[in-house]
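Structure file query_8.txt; described as compact mmCIF, C-alpha atoms.
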# COMPACT_ATOMS: atom_id res chain seq x y z
CA MET A 1 0.00 0.00 0.00
CA ASN A 2 1.51 3.33 -1.03
CA HIS A 3 1.84 6.25 1.36
CA LEU A 4 -0.98 8.23 -0.29
CA LYS A 5 -3.53 5.43 0.16
CA LEU A 6 -2.36 4.83 3.72
CA SER A 7 -2.67 8.53 4.49
CA ILE A 8 -6.21 8.62 3.08
CA LEU A 9 -7.27 5.57 5.11
CA VAL A 10 -5.76 6.93 8.31
CA SER A 11 -7.40 10.31 7.75
CA ALA A 12 -10.75 8.64 7.10
CA PHE A 13 -10.40 6.54 10.26
CA ILE A 14 -9.55 9.57 12.38
CA ALA A 15 -12.41 11.58 10.90
CA THR A 16 -14.87 8.75 11.51
CA THR A 17 -13.65 8.28 15.08
CA LEU A 18 -13.81 11.99 15.86
CA SER A 19 -17.22 12.20 14.23
CA GLY A 20 -18.47 9.37 16.41
CA CYS A 21 -17.07 10.96 19.55
CA TYR A 22 -18.51 14.31 18.55
CA MET A 23 -21.96 12.93 17.78
CA GLN A 24 -22.21 11.49 21.28
CA ASN A 25 -21.79 14.99 22.67
CA ALA A 26 -23.02 16.99 19.69
CA PRO A 27 -25.45 19.85 19.96
CA VAL A 28 -28.96 18.45 19.72
CA HIS A 29 -30.40 21.87 18.94
CA LEU A 30 -29.14 23.66 15.87
CA GLY A 31 -30.06 27.13 14.65
CA GLN A 32 -31.56 30.08 16.47
CA LYS A 33 -33.12 29.51 19.87
CA ILE A 34 -36.89 29.43 20.26
CA SER A 35 -37.68 32.90 21.60
CA GLY A 36 -41.32 32.58 22.57
CA VAL A 37 -44.17 34.05 24.59
CA SER A 38 -47.28 32.31 25.92
CA LEU A 39 -50.30 34.19 24.62
CA VAL A 40 -53.32 34.82 26.83
CA ALA A 41 -56.38 34.32 24.65
CA GLY A 42 -58.83 37.18 24.43
CA ARG A 43 -62.57 37.03 24.96
CA GLU A 44 -62.92 38.15 21.37
CA VAL A 45 -60.66 37.05 18.56
CA SER A 46 -58.39 39.89 17.45
CA PRO A 47 -55.03 38.22 16.80
CA GLU A 48 -53.53 41.04 14.76
CA GLU A 49 -53.76 43.37 17.76
CA GLU A 50 -52.49 40.69 20.15
CA LEU A 51 -49.30 40.24 18.15
CA GLU A 52 -48.46 43.90 17.50
CA HIS A 53 -45.98 44.55 20.30
CA LEU A 54 -43.92 41.36 20.45
CA ASP A 55 -40.92 43.27 19.14
CA SER A 56 -40.63 44.87 22.58
CA VAL A 57 -39.05 41.59 23.72
CA GLY A 58 -37.83 40.37 20.33
CA ALA A 59 -40.07 37.28 20.33
CA LYS A 60 -40.16 35.16 17.18
CA TRP A 61 -42.46 32.42 18.50
CA VAL A 62 -45.86 32.31 20.19
CA ALA A 63 -47.58 29.59 22.19
CA ILE A 64 -51.32 29.44 21.54
CA ILE A 65 -53.19 27.83 24.43
CA PRO A 66 -56.68 26.31 23.89
CA PHE A 67 -58.00 25.40 27.33
CA ALA A 68 -60.29 22.50 28.13
CA PHE A 69 -62.24 22.23 31.37
CA ALA A 70 -62.76 19.17 33.55
CA PRO A 71 -64.75 18.66 36.74
CA GLY A 72 -62.52 17.38 39.53
CA HIS A 73 -62.31 13.58 39.82
CA SER A 74 -64.39 13.10 36.67
CA SER A 75 -63.73 11.65 33.22
CA GLU A 76 -65.59 14.53 31.58
CA LEU A 77 -63.76 17.06 29.43
CA HIS A 78 -65.30 20.16 27.85
CA PHE A 79 -63.71 22.24 25.10
CA ASN A 80 -64.46 24.35 22.03
CA HIS A 81 -67.87 25.37 23.36
CA SER A 82 -69.89 28.54 22.88
CA ARG A 83 -69.19 29.91 26.38
CA GLN A 84 -65.43 29.65 25.95
CA TRP A 85 -63.27 32.67 25.17
CA GLY A 86 -63.02 33.19 21.44
CA GLY A 87 -59.26 32.79 21.31
CA GLU A 88 -59.50 29.28 22.77
CA THR A 89 -61.96 27.85 20.22
CA THR A 90 -60.86 26.01 17.09
CA ASN A 91 -61.81 29.04 15.03
CA GLY A 92 -59.88 31.37 17.32
CA VAL A 93 -56.80 29.14 17.35
CA ALA A 94 -56.89 28.96 13.55
CA GLN A 95 -57.09 32.74 13.26
CA GLN A 96 -54.17 33.17 15.67
CA ILE A 97 -51.98 30.72 13.75
CA VAL A 98 -52.69 32.48 10.46
CA ALA A 99 -52.05 35.93 11.97
CA ALA A 100 -48.80 34.77 13.58
CA HIS A 101 -47.50 33.29 10.34
CA ASN A 102 -48.49 36.44 8.46
CA LYS A 103 -46.24 38.38 10.86
CA GLY A 104 -43.36 35.98 10.35
CA LEU A 105 -43.81 34.30 13.75
CA LYS A 106 -43.63 30.59 14.43
CA VAL A 107 -46.23 28.77 16.51
CA MET A 108 -46.56 26.13 19.21
CA VAL A 109 -50.12 24.99 19.98
CA LYS A 110 -50.16 23.99 23.65
CA PRO A 111 -53.44 22.60 25.07
CA HIS A 112 -54.05 23.03 28.80
CA VAL A 113 -56.71 21.38 30.96
CA TRP A 114 -58.18 23.42 33.80
CA VAL A 115 -59.61 21.17 36.53
CA ARG A 116 -62.52 22.80 38.33
CA GLY A 117 -62.06 22.78 42.07
CA ASP A 118 -58.34 22.04 41.79
CA GLY A 119 -57.21 24.26 38.94
CA TRP A 120 -53.99 22.39 38.35
CA ALA A 121 -54.00 19.29 36.14
CA GLY A 122 -51.03 17.87 38.04
CA ASP A 123 -53.18 16.55 40.88
CA PHE A 124 -55.87 15.14 38.57
CA VAL A 125 -56.37 11.43 39.25
CA LEU A 126 -59.13 8.87 38.79
CA GLN A 127 -59.91 5.71 40.76
CA THR A 128 -61.05 3.01 38.35
CA GLU A 129 -59.89 1.55 35.05
CA GLU A 130 -63.26 2.40 33.53
CA GLU A 131 -62.93 6.06 34.50
CA TRP A 132 -59.41 6.25 33.10
CA ALA A 133 -60.46 4.61 29.82
CA THR A 134 -63.29 7.11 29.38
CA TRP A 135 -60.98 10.01 30.19
CA GLU A 136 -58.42 8.79 27.68
CA GLU A 137 -61.07 8.74 24.93
CA ASN A 138 -62.18 12.25 25.82
CA TYR A 139 -58.62 13.55 26.07
CA LEU A 140 -57.69 12.01 22.73
CA SER A 141 -60.68 13.76 21.14
CA TYR A 142 -59.56 17.08 22.63
CA ILE A 143 -55.98 16.73 21.47
CA MET A 144 -56.89 15.52 17.98
CA THR A 145 -59.35 18.39 17.52
CA TYR A 146 -56.63 20.99 17.98
CA LEU A 147 -53.88 18.93 16.38
CA LYS A 148 -55.87 18.82 13.14
CA VAL A 149 -56.20 22.60 13.21
CA ALA A 150 -52.48 22.97 13.93
CA ASP A 151 -51.50 20.57 11.18
CA SER A 152 -53.81 22.08 8.56
CA LEU A 153 -52.19 25.49 9.10
CA ASN A 154 -48.61 24.22 9.42
CA ALA A 155 -48.02 25.12 13.06
CA GLU A 156 -44.41 24.31 13.85
CA ILE A 157 -44.82 22.56 17.23
CA PHE A 158 -47.70 20.79 18.95
CA CYS A 159 -47.67 20.00 22.67
CA ILE A 160 -49.61 16.83 23.55
CA GLY A 161 -50.20 17.66 27.22
CA THR A 162 -49.34 19.98 30.08
CA GLU A 163 -48.31 19.12 33.66
CA PHE A 164 -50.30 15.90 34.12
CA ASN A 165 -48.14 14.71 37.02
CA GLN A 166 -50.45 11.94 38.22
CA ALA A 167 -51.86 10.91 34.85
CA ILE A 168 -48.30 10.49 33.54
CA ILE A 169 -47.52 8.11 36.41
CA HIS A 170 -50.79 6.16 36.35
CA ARG A 171 -51.18 5.87 32.55
CA PRO A 172 -47.70 5.65 30.98
CA ASP A 173 -48.80 3.54 28.00
CA PHE A 174 -51.49 6.04 27.07
CA TRP A 175 -48.97 8.84 26.58
CA VAL A 176 -46.77 6.70 24.35
CA LYS A 177 -49.80 5.77 22.22
CA LEU A 178 -50.99 9.38 22.16
CA ALA A 179 -47.61 10.66 20.99
CA THR A 180 -47.45 7.95 18.33
CA THR A 181 -50.93 8.86 17.08
CA CYS A 182 -50.02 12.55 17.00
CA ARG A 183 -46.82 11.75 15.09
CA ALA A 184 -48.87 10.01 12.39
CA ASN A 185 -51.17 13.02 12.02
CA PHE A 186 -48.89 16.03 12.38
CA LYS A 187 -46.16 17.26 10.06
CA GLY A 188 -44.41 19.45 12.61
CA LYS A 189 -42.52 18.77 15.84
CA LEU A 190 -44.02 17.33 19.01
CA THR A 191 -43.41 17.91 22.70
CA TYR A 192 -44.98 17.27 26.09
CA ALA A 193 -44.85 19.91 28.85
CA ALA A 194 -43.73 18.22 32.05
CA ASN A 195 -43.85 20.01 35.36
CA TRP A 196 -40.41 20.88 36.76
CA ASP A 197 -40.66 18.12 39.40
CA ASN A 198 -42.12 15.38 37.19
CA TYR A 199 -40.00 15.14 34.03
CA MET A 200 -38.27 11.92 35.13
CA GLU A 201 -41.64 10.14 35.15
CA VAL A 202 -42.59 10.88 31.54
CA SER A 203 -42.91 7.77 29.37
CA CYS A 204 -43.04 9.35 25.91
CA TRP A 205 -39.77 11.28 25.53
CA GLU A 206 -38.63 8.93 22.77
CA GLN A 207 -41.84 9.62 20.82
CA VAL A 208 -41.52 13.43 20.79
CA ASP A 209 -38.95 15.86 19.38
CA TYR A 210 -38.42 18.13 22.39
CA ILE A 211 -38.29 17.35 26.08
CA GLY A 212 -40.67 20.03 27.30
CA ILE A 213 -40.28 21.42 30.81
CA ASP A 214 -42.50 23.96 32.56
CA ALA A 215 -39.48 25.35 34.35
CA TYR A 216 -40.72 26.79 37.64
CA PHE A 217 -37.83 25.37 39.63
CA PRO A 218 -37.64 26.93 43.10
CA ILE A 219 -34.01 28.01 43.18
CA SER A 220 -33.91 30.72 45.83
CA ASP A 221 -35.80 31.62 49.00
CA GLU A 222 -34.46 35.19 49.06
CA LYS A 223 -36.61 38.26 48.42
CA THR A 224 -34.24 39.65 45.81
CA PRO A 225 -31.66 37.02 44.89
CA SER A 226 -28.63 38.18 42.94
CA VAL A 227 -27.86 36.93 39.44
CA LYS A 228 -24.64 35.37 40.74
CA GLN A 229 -26.43 33.42 43.46
CA LEU A 230 -29.21 32.32 41.12
CA LYS A 231 -26.70 31.00 38.60
CA LYS A 232 -25.00 29.01 41.35
CA ASN A 233 -28.35 27.57 42.43
CA TRP A 234 -29.21 26.60 38.85
CA ALA A 235 -26.22 24.24 38.71
CA GLU A 236 -27.91 21.09 40.02
CA PRO A 237 -31.20 21.26 38.06
CA LYS A 238 -29.22 22.25 34.98
CA LYS A 239 -27.01 19.19 35.35
CA SER A 240 -30.09 16.96 35.66
CA LEU A 241 -31.65 18.43 32.51
CA GLU A 242 -28.46 18.00 30.53
CA LYS A 243 -28.28 14.33 31.52
CA LEU A 244 -31.90 13.85 30.49
CA SER A 245 -31.18 15.46 27.13
CA GLN A 246 -28.21 13.17 26.58
CA LYS A 247 -30.14 10.07 27.65
CA PHE A 248 -32.89 10.56 25.07
CA ASN A 249 -30.89 12.57 22.52
CA ARG A 250 -33.56 15.26 22.60
CA PRO A 251 -33.13 19.00 23.23
CA ILE A 252 -34.68 20.61 26.29
CA LEU A 253 -37.43 23.15 25.57
CA PHE A 254 -38.83 25.33 28.34
CA THR A 255 -42.47 25.04 27.28
CA GLU A 256 -43.18 27.54 30.06
CA TYR A 257 -40.88 29.63 32.18
CA GLY A 258 -41.14 32.92 33.99
CA TYR A 259 -41.17 34.82 37.25
CA ARG A 260 -43.45 37.29 38.95
CA SER A 261 -42.28 40.82 39.58
CA ALA A 262 -42.60 40.26 43.31
CA ASP A 263 -40.61 39.30 46.40
CA TYR A 264 -39.40 35.69 46.38
CA ALA A 265 -39.81 35.46 42.61
CA ALA A 266 -37.57 32.38 42.41
CA ALA A 267 -39.15 30.54 45.36
CA LYS A 268 -42.20 28.24 45.44
CA HIS A 269 -44.65 30.65 43.88
CA TRP A 270 -47.61 28.30 44.44
CA GLU A 271 -47.17 28.70 48.19
CA LEU A 272 -47.34 32.51 48.11
CA ASN A 273 -50.34 34.80 48.28
CA GLU A 274 -50.15 36.25 44.79
CA LYS A 275 -52.39 39.24 45.45
CA GLU A 276 -50.55 40.34 48.58
CA GLN A 277 -46.97 39.65 47.46
CA PRO A 278 -44.97 42.92 47.50
CA LEU A 279 -43.89 44.35 44.15
CA ASN A 280 -40.25 43.65 43.25
CA LEU A 281 -39.25 44.52 39.69
CA GLN A 282 -35.57 43.84 40.35
CA ALA A 283 -36.25 40.28 41.47
CA GLN A 284 -38.00 39.54 38.17
CA SER A 285 -35.16 41.02 36.12
CA ASN A 286 -32.51 39.11 38.07
CA THR A 287 -34.27 35.77 37.74
CA TYR A 288 -34.69 36.16 33.99
CA GLU A 289 -31.06 37.25 33.54
CA ALA A 290 -29.77 34.28 35.55
CA LEU A 291 -31.86 31.81 33.59
CA PHE A 292 -30.60 33.16 30.27
CA GLN A 293 -26.98 33.19 31.43
CA SER A 294 -27.34 29.62 32.65
CA PHE A 295 -29.07 28.06 29.63
CA TRP A 296 -29.08 30.16 26.47
CA ASP A 297 -25.69 29.11 25.11
CA GLU A 298 -26.07 25.41 25.92
CA PRO A 299 -26.26 23.28 22.75
CA TRP A 300 -28.85 20.95 24.29
CA PHE A 301 -31.21 23.81 25.17
CA SER A 302 -33.73 24.92 22.52
CA GLY A 303 -35.14 28.06 24.14
CA GLY A 304 -38.61 28.56 25.53
CA PHE A 305 -41.91 30.38 25.96
CA LEU A 306 -42.14 32.96 28.72
CA TRP A 307 -45.29 33.11 30.85
CA LYS A 308 -47.28 35.16 30.01
CA TRP A 309 -48.29 37.75 27.38
CA TYR A 310 -51.59 39.63 27.48
CA PRO A 311 -53.41 40.79 24.33
CA ASP A 312 -53.81 44.50 25.15
CA HIS A 313 -50.11 45.30 25.45
CA PRO A 314 -50.32 49.06 26.18
CA LYS A 315 -52.48 48.32 29.25
CA ALA A 316 -50.79 45.07 30.32
CA GLY A 317 -48.34 44.72 33.18
CA GLY A 318 -46.68 47.99 34.10
CA MET A 319 -44.49 49.31 36.88
CA GLU A 320 -47.08 48.64 39.60
CA ASN A 321 -47.99 45.10 38.49
CA ASN A 322 -46.64 42.11 40.43
CA ASP A 323 -47.90 39.41 38.04
CA TYR A 324 -45.84 37.16 35.76
CA THR A 325 -46.04 39.22 32.61
CA PRO A 326 -42.88 41.21 31.79
CA GLN A 327 -44.91 43.66 29.71
CA ASN A 328 -44.05 47.32 30.26
CA LYS A 329 -41.52 46.43 32.95
CA PRO A 330 -37.70 46.64 33.07
CA THR A 331 -37.55 42.88 32.42
CA GLU A 332 -38.55 43.52 28.80
CA VAL A 333 -35.04 44.91 28.22
CA VAL A 334 -33.42 41.77 29.67
CA ILE A 335 -35.54 39.45 27.53
CA LYS A 336 -34.99 41.40 24.33
CA LYS A 337 -31.23 41.38 24.86
CA TRP A 338 -31.22 37.57 24.85
CA TYR A 339 -34.05 36.95 22.40
CA THR A 340 -32.32 39.01 19.71
CA ARG A 341 -28.81 37.63 20.01
CA GLU A 342 -27.36 34.52 18.45
CA ALA A 343 -26.57 31.80 20.93
CA ASN A 344 -22.82 31.28 21.42
CA ILE A 345 -22.86 27.52 20.90
CA PRO A 346 -19.43 25.82 20.86
CA GLN A 347 -18.61 24.03 17.62
CA ALA A 348 -17.00 20.61 17.27
CA GLY A 349 -13.38 20.63 18.39
CA ASN A 350 -13.73 23.84 20.42
Step by step, read the file and then write its structure as structure tokens.
Amino acid sequence: MNHLKLSILVSAFIATTLSGCYMQNAPVHLGQKISGVSLVAGREVSPEEELEHLDSVGAKWVAIIPFAFAPGHSSELHFNHSRQWGGETTNGVAQQIVAAHNKGLKVMVKPHVWVRGDGWAGDFVLQTEEEWATWEENYLSYIMTYLKVADSLNAEIFCIGTEFNQAIIHRPDFWVKLATTCRANFKGKLTYAANWDNYMEVSCWEQVDYIGIDAYFPISDEKTPSVKQLKKNWAEPKKSLEKLSQKFNRPILFTEYGYRSADYAAAKHWELNEKEQPLNLQAQSNTYEALFQSFWDEPWFSGGFLWKWYPDHPKAGGMENNDYTPQNKPTEVVIKKWYTREANIPQAGN
């Protein structure tokens, strides 16, 4: 064998070996990060107005959220009915998708179930196999109704469920079958939105494209935690998410994330009295900044959808508002800085 052939073979072997090593640790998200907001549907459908001011944070994606309603401890599920807000109906969702695409925005359709009496779907549980089977039929009908709308209008991502902590544990096979059915009927990407404390229980990560996390991790019990301290406290959950991404070879997507402009913004918000919590604009800005510094440049992180964005932007939020929305608050500047920059993702060999 002459030296030229030997050199070519050796080079090919080295390239293949390096490629294999690189692929094991390669970025699983390529391209610009998903810079999204979670839209609050209006009573009336007026999507053009709802999308007018997204440039104030540099958002390029929107999450459209059609709610369904369930009585507590019941297999019933109600959606797309005449008493529902216009933006949550199939017609309203369709109009929002079209309006978003017309403005050059990309779309995730993200169904939520509101459980009467409990509110949160995470605690929803049934007692008998018959009840669960009926619920699964009703839930499949709900998801397929909106998935067909999303697919017909080329929505980019569809989320098959949101924060079903107990249902994920009790019915693992159902979620695999649901994701498989959605895959066969949707051209875009799929995800599931796991609660921050439940993502290890999800059975369908291999059947979806993004590991979706509603990222309300409690990472500080201070009134106004510093960015430095928050970044330090992010280390452990960040490590866990990276391992999960590597295990399933799927990027992490924060299907929801956000903080109130109030004291203890990075603590367990569900334990606080939201109406009485003192205003703290700095806490909101710090928590957003720390999250971006911790995640935005990671190759396994896809971006996310902040919670939440109200339709009447000029009147939403403001300097005296302690709710989640960053609208008309200093946090808008922080978000826009990150949403409009290219992620600094290391390339192979760096």
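From atom CA of A:Ala283 back to atom CA of A:Ala63, the distance works out to 24.8 Å.
In terms of minimum interatomic distance to A:Lys103, A:Glu48 ranks closest within A:Glu130, A:Glu76, A:Glu48, A:Glu274, counting all atoms listed in the file.
Distance-wise, atom CA of A:Ser56 and atom CA of A:Val334 end up 10.6 Å apart.
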Per residue of stretch 179-297 of chain A within 9 Å of stretch 156-171 of chain A, note the shortest atom pair and the distance in Å to one decimal, counting all atoms listed in the file, and order the rows by chain and increasing residue number, as JSON lines.
{"residue": "A:Ala179", "atom": "CA", "partner": "A:Ile160", "partner_atom": "CA", "distance": 7.0}
{"residue": "A:Cys182", "atom": "CA", "partner": "A:Ile160", "partner_atom": "CA", "distance": 7.8}
{"residue": "A:Phe186", "atom": "CA", "partner": "A:Phe158", "partner_atom": "CA", "distance": 8.2}
{"residue": "A:Lys187", "atom": "CA", "partner": "A:Glu156", "partner_atom": "CA", "distance": 8.2}
{"residue": "A:Gly188", "atom": "CA", "partner": "A:Glu156", "partner_atom": "CA", "distance": 5.0}
{"residue": "A:Lys189", "atom": "CA", "partner": "A:Ile157", "partner_atom": "CA", "distance": 4.6}
{"residue": "A:Leu190", "atom": "CA", "partner": "A:Phe158", "partner_atom": "CA", "distance": 5.1}
{"residue": "A:Thr191", "atom": "CA", "partner": "A:Cys159", "partner_atom": "CA", "distance": 4.7}
{"residue": "A:Tyr192", "atom": "CA", "partner": "A:Cys159", "partner_atom": "CA", "distance": 5.1}
{"residue": "A:Ala193", "atom": "CA", "partner": "A:Thr162", "partner_atom": "CA", "distance": 4.7}
{"residue": "A:Ala194", "atom": "CA", "partner": "A:Glu163", "partner_atom": "CA", "distance": 4.9}
{"residue": "A:Asn195", "atom": "CA", "partner": "A:Glu163", "partner_atom": "CA", "distance": 4.9}
{"residue": "A:Trp196", "atom": "CA", "partner": "A:Glu163", "partner_atom": "CA", "distance": 8.7}
{"residue": "A:Asp197", "atom": "CA", "partner": "A:Asn165", "partner_atom": "CA", "distance": 8.6}
{"residue": "A:Asn198", "atom": "CA", "partner": "A:Asn165", "partner_atom": "CA", "distance": 6.1}
{"residue": "A:Tyr199", "atom": "CA", "partner": "A:Asn165", "partner_atom": "CA", "distance": 8.7}
{"residue": "A:Glu201", "atom": "CA", "partner": "A:Ile169", "partner_atom": "CA", "distance": 6.3}
{"residue": "A:Val202", "atom": "CA", "partner": "A:Ile168", "partner_atom": "CA", "distance": 6.1}
{"residue": "A:Ser203", "atom": "CA", "partner": "A:Ile168", "partner_atom": "CA", "distance": 7.3}
{"residue": "A:Gly212", "atom": "CA", "partner": "A:Cys159", "partner_atom": "CA", "distance": 8.4}
{"residue": "A:Ile213", "atom": "CA", "partner": "A:Glu163", "partner_atom": "CA", "distance": 8.8}
{"residue": "A:Asp214", "atom": "CA", "partner": "A:Glu163", "partner_atom": "CA", "distance": 7.6}
{"residue": "A:Thr255", "atom": "CA", "partner": "A:Cys159", "partner_atom": "CA", "distance": 8.6}
Spatial neighbours of stretch 28-42 of chain A, max dist 8 Å, only C-alpha atoms, sep filter under 5 positions, as an NGL selection string: :A and (58-65 or 85-88 or 249-251 or 256 or 296 or 299-311 or 339 or 342-343)
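Straight-line separation from atom CA of A:Val98 to atom CA of A:Asn154: 9.3 Å.
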List the spatial neighbours of A:Trp114 as a PDB file with C-alpha atoms, in the frame of the given file - criterion: any atom at most 12 Å away, all atoms listed in the file, same-chain residues fewer than 5 positions off excluded.
ATOM      1  CA  ILE A  65     -53.190  27.830  24.430  1.00  0.00           C
ATOM      2  CA  PRO A  66     -56.680  26.310  23.890  1.00  0.00           C
ATOM      3  CA  PHE A  67     -58.000  25.400  27.330  1.00  0.00           C
ATOM      4  CA  ALA A  68     -60.290  22.500  28.130  1.00  0.00           C
ATOM      5  CA  PHE A  69     -62.240  22.230  31.370  1.00  0.00           C
ATOM      6  CA  ALA A  70     -62.760  19.170  33.550  1.00  0.00           C
ATOM      7  CA  PRO A  71     -64.750  18.660  36.740  1.00  0.00           C
ATOM      8  CA  GLY A  72     -62.520  17.380  39.530  1.00  0.00           C
ATOM      9  CA  GLU A  76     -65.590  14.530  31.580  1.00  0.00           C
ATOM     10  CA  LEU A  77     -63.760  17.060  29.430  1.00  0.00           C
ATOM     11  CA  HIS A  78     -65.300  20.160  27.850  1.00  0.00           C
ATOM     12  CA  PHE A  79     -63.710  22.240  25.100  1.00  0.00           C
ATOM     13  CA  GLY A 119     -57.210  24.260  38.940  1.00  0.00           C
ATOM     14  CA  TRP A 120     -53.990  22.390  38.350  1.00  0.00           C
ATOM     15  CA  ALA A 121     -54.000  19.290  36.140  1.00  0.00           C
ATOM     16  CA  GLY A 122     -51.030  17.870  38.040  1.00  0.00           C
ATOM     17  CA  ASP A 123     -53.180  16.550  40.880  1.00  0.00           C
ATOM     18  CA  PHE A 124     -55.870  15.140  38.570  1.00  0.00           C
ATOM     19  CA  GLY A 161     -50.200  17.660  27.220  1.00  0.00           C
ATOM     20  CA  THR A 162     -49.340  19.980  30.080  1.00  0.00           C
ATOM     21  CA  GLU A 163     -48.310  19.120  33.660  1.00  0.00           C
ATOM     22  CA  PHE A 164     -50.300  15.900  34.120  1.00  0.00           C
TER      23      PHE A 164
END
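Checking A:Leu153, A:Leu291, A:Leu54, A:Met108 one by one against A:Gln95, counting all atoms listed in the file, you find the shortest gap at A:Leu153.
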Using all atoms listed in the file: which of A:Leu244, A:Ala265, A:Ala184, A:Ile143 has the shortest distance to A:Thr224: A:Ala265
Which residue of A:Lys275, A:Asn286, A:Ala267, A:Gln293 approaches A:Lys238 most closely, using all atoms listed in the file: A:Gln293
Shell of 7 Å around A:Val149, only C-alpha atoms, local chain residues under 3 positions omitted, as a compact mmCIF listing (two decimals) with C-alpha atoms, in the frame of the given file:
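File written: around_4.txt
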# COMPACT_ATOMS: atom_id res chain seq x y z
CA THR A 90 -60.86 26.01 17.09
CA ALA A 94 -56.89 28.96 13.55
CA THR A 145 -59.35 18.39 17.52
CA TYR A 146 -56.63 20.99 17.98
CA SER A 152 -53.81 22.08 8.56
CA LEU A 153 -52.19 25.49 9.10
Test item: which residues lie within 7 Å of (-48.3, 38.1, 35.6) counting all atoms listed in the file, as a ChimeraX atom specification: /A:260,308,322-325
Taking 3 positions as the minimum chain separation for residues in the same chain, which residues sit within 8 Å of A:Leu126 when counting only C-alpha atoms? Answer as a compact mmCIF listing (two decimals) with C-alpha atoms, in the frame of the given file.
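Produced file result-v1.txt, reproduced below:
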# COMPACT_ATOMS: atom_id res chain seq x y z
CA HIS A 73 -62.31 13.58 39.82
CA SER A 74 -64.39 13.10 36.67
CA SER A 75 -63.73 11.65 33.22
CA GLU A 131 -62.93 6.06 34.50
CA TRP A 132 -59.41 6.25 33.10
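Counting only C-alpha atoms, the residue from A:Trp135, A:Met200, A:Leu105, A:Pro330 that sits nearest to A:Asp55 is A:Leu105.
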Distance criterion (only C-alpha atoms): nearest to A:Gln284 out of A:Asp312, A:Glu332, A:Glu271, A:Asp221: A:Glu332
